Amino acid sequence: MRAMPVTATAVAALLLLTACGGDSGEGADSGGDSKSTGRAAAPCTIGQVRVEAGAASVAPVDGDTGEVPVTVLNQGDPCVLPGTPQVFLAGAGDSERTDVPLVEGAKPRDVTLARDGTASFVVTYVRGPSFDPGDLHFGLSPETATEKVSWTYGRIAATEDGEHQVSVSTYQQTGD
């Protein structure tokens, strides 16, 4: 029986397949932490993250659009921010509440944060006379506790169907 010669292309293909190691791409946003341990990170909790509103692009007059960037900093073990930010606005003394819907067409996705890792999202609103929020609340699911930051960006306009002209983006990983 005669052995067939192995070509350089076949060897390269074999080495490439071996190097892949069957990684399914999980943990792509993790900065490598879940890959190195082989375990998925646990969901983030309000107690381990800090929420801060950044310098806003404020809407100075009715009809103008403003944007409020919000940063989520993980102060604990690696964790996953699930799907989309859970955001609502509350009137003074929590007298009125309006849930902030996801930007139309946005695709929710989980974001894995390493210790001291950050993600951000943006609340976009149209200034108008309809609703005067006191605080912006952020939660990790509709059922959990929230963190809040003062809403100092003015009143929000109403839509034709009586809703408020405000929306939230998906999480975006920031930093390294």
# chains A, B, ... in the order shown; residues from 1 in each chain; ligands from 1
$ select_by_dssp --residues "range 30-133 of chain A" --states "strand (DSSP E or B)" --output "PyMOL selection string"
chain A and resi 42-43+49-53+57+65-74+79-81+86-91+97-99+102+111-113+118-131+133
$ residues_around --residues "Asp64 in chain A" --least-positions-apart "6" --cutoff "10 Å" --atoms "only C-alpha atoms" --output "list in words"
Val58, Tyr125, Val126, Arg127, Gly128, Ile156 and Ala157 of chain A
$ write_last_selection --atoms "N, CA and C atoms" --output "short mmCIF file (atom, residue, chain, number, x, y, z; two decimals), in the first residue's frame"
data_model
loop_
_atom_site.label_atom_id
_atom_site.label_comp_id
_atom_site.auth_asym_id
_atom_site.auth_seq_id
_atom_site.Cartn_x
_atom_site.Cartn_y
_atom_site.Cartn_z
N VAL A 58 -28.79 68.76 25.90
CA VAL A 58 -30.08 69.21 26.42
C VAL A 58 -30.90 69.88 25.32
N TYR A 125 -35.12 62.23 24.17
CA TYR A 125 -36.43 62.80 24.47
C TYR A 125 -36.67 64.05 23.63
N VAL A 126 -37.93 64.41 23.50
CA VAL A 126 -38.32 65.66 22.84
C VAL A 126 -38.92 66.55 23.91
N ARG A 127 -38.40 67.75 24.00
CA ARG A 127 -38.87 68.70 25.01
C ARG A 127 -40.27 69.18 24.66
N GLY A 128 -41.12 69.29 25.67
CA GLY A 128 -42.48 69.77 25.47
C GLY A 128 -43.20 69.88 26.80
N ILE A 156 -41.17 66.82 29.00
CA ILE A 156 -41.15 65.97 27.82
C ILE A 156 -42.47 66.10 27.07
N ALA A 157 -42.38 66.16 25.75
CA ALA A 157 -43.55 66.31 24.88
C ALA A 157 -44.35 65.01 24.80
#
$ closest_residue --among "A:Ala92, A:Asp161, A:Pro85, A:Val72" --to "Pro108 in chain A" --atoms "only C-alpha atoms"
A:Pro85
$ residues_around --residues "range 65-69 of chain A" --least-positions-apart "6" --cutoff "8 Å" --atoms "only C-alpha atoms" --output "list in words"
Ala53, Gly54, Ala55, Ala56, Ser57, Val58, Ala59, Ser120, Phe121, Val122, Val123, Thr124, Tyr125, Val126 and Arg127 of chain A
$ residues_around --residues "range 130-136 of chain A" --least-positions-apart "3" --cutoff "6 Å" --atoms "only C-alpha atoms" --output "ChimeraX atom specification"
/A:89-92,148-151,155-158
$ write_last_selection --atoms "N, CA and C atoms" --output "short mmCIF file (atom, residue, chain, number, x, y, z; two decimals), in the first residue's frame"
data_model
loop_
_atom_site.label_atom_id
_atom_site.label_comp_id
_atom_site.auth_asym_id
_atom_site.auth_seq_id
_atom_site.Cartn_x
_atom_site.Cartn_y
_atom_site.Cartn_z
N LEU A 89 -39.37 56.97 33.89
CA LEU A 89 -39.30 58.32 34.45
C LEU A 89 -40.43 58.47 35.45
N ALA A 90 -40.13 59.11 36.57
CA ALA A 90 -41.14 59.34 37.61
C ALA A 90 -41.27 60.84 37.84
N GLY A 91 -42.52 61.28 38.02
CA GLY A 91 -42.77 62.67 38.34
C GLY A 91 -42.32 62.98 39.76
N ALA A 92 -42.41 64.22 40.13
CA ALA A 92 -42.00 64.64 41.49
C ALA A 92 -42.73 63.79 42.52
N LYS A 148 -31.57 55.51 40.74
CA LYS A 148 -32.17 56.68 40.10
C LYS A 148 -31.18 57.83 40.05
N VAL A 149 -31.38 58.66 39.04
CA VAL A 149 -30.63 59.90 38.91
C VAL A 149 -31.65 61.01 38.67
N SER A 150 -31.35 62.19 39.14
CA SER A 150 -32.26 63.33 38.97
C SER A 150 -32.40 63.68 37.50
N TRP A 151 -33.63 63.97 37.11
CA TRP A 151 -33.91 64.42 35.75
C TRP A 151 -33.95 65.94 35.79
N ARG A 155 -39.17 69.36 30.72
CA ARG A 155 -40.39 68.60 30.47
C ARG A 155 -40.29 67.83 29.16
N ILE A 156 -41.17 66.82 29.00
CA ILE A 156 -41.15 65.97 27.82
C ILE A 156 -42.47 66.10 27.07
N ALA A 157 -42.38 66.16 25.75
CA ALA A 157 -43.55 66.31 24.88
C ALA A 157 -44.35 65.01 24.80
N ALA A 158 -45.61 65.16 24.44
CA ALA A 158 -46.49 64.00 24.24
C ALA A 158 -46.56 63.66 22.75
#
$ atom_distance --atom1 "CA of Thr84 in chain A" --atom2 "CA of Gln165 in chain A"
18.4 Å
$ closest_residue --among "A:Pro142, A:Pro101, A:Gly154, A:Pro43" --to "Ser167 in chain A" --atoms "only C-alpha atoms"
A:Pro101
$ closest_residue --among "A:Gln48, A:Thr112, A:Gln86, A:Thr71" --to "Leu140 in chain A" --atoms "only C-alpha atoms"
A:Gln86
$ atom_distance --atom1 "CA of Ala41 in chain A" --atom2 "CA of Gly76 in chain A"
11.3 Å
$ closest_residue --among "A:Val166, A:Ala106, A:Asn74, A:Thr159" --to "Ile46 in chain A" --atoms "only C-alpha atoms"
A:Asn74
$ atom_distance --atom1 "CA of Leu73 in chain A" --atom2 "CA of Ala119 in chain A"
6.8 Å
$ select_by_dssp --residues "range 32-109 of chain A" --states "helix (DSSP H, G or I)" --output "ChimeraX atom specification"
/A:33-37,46-48,92-94
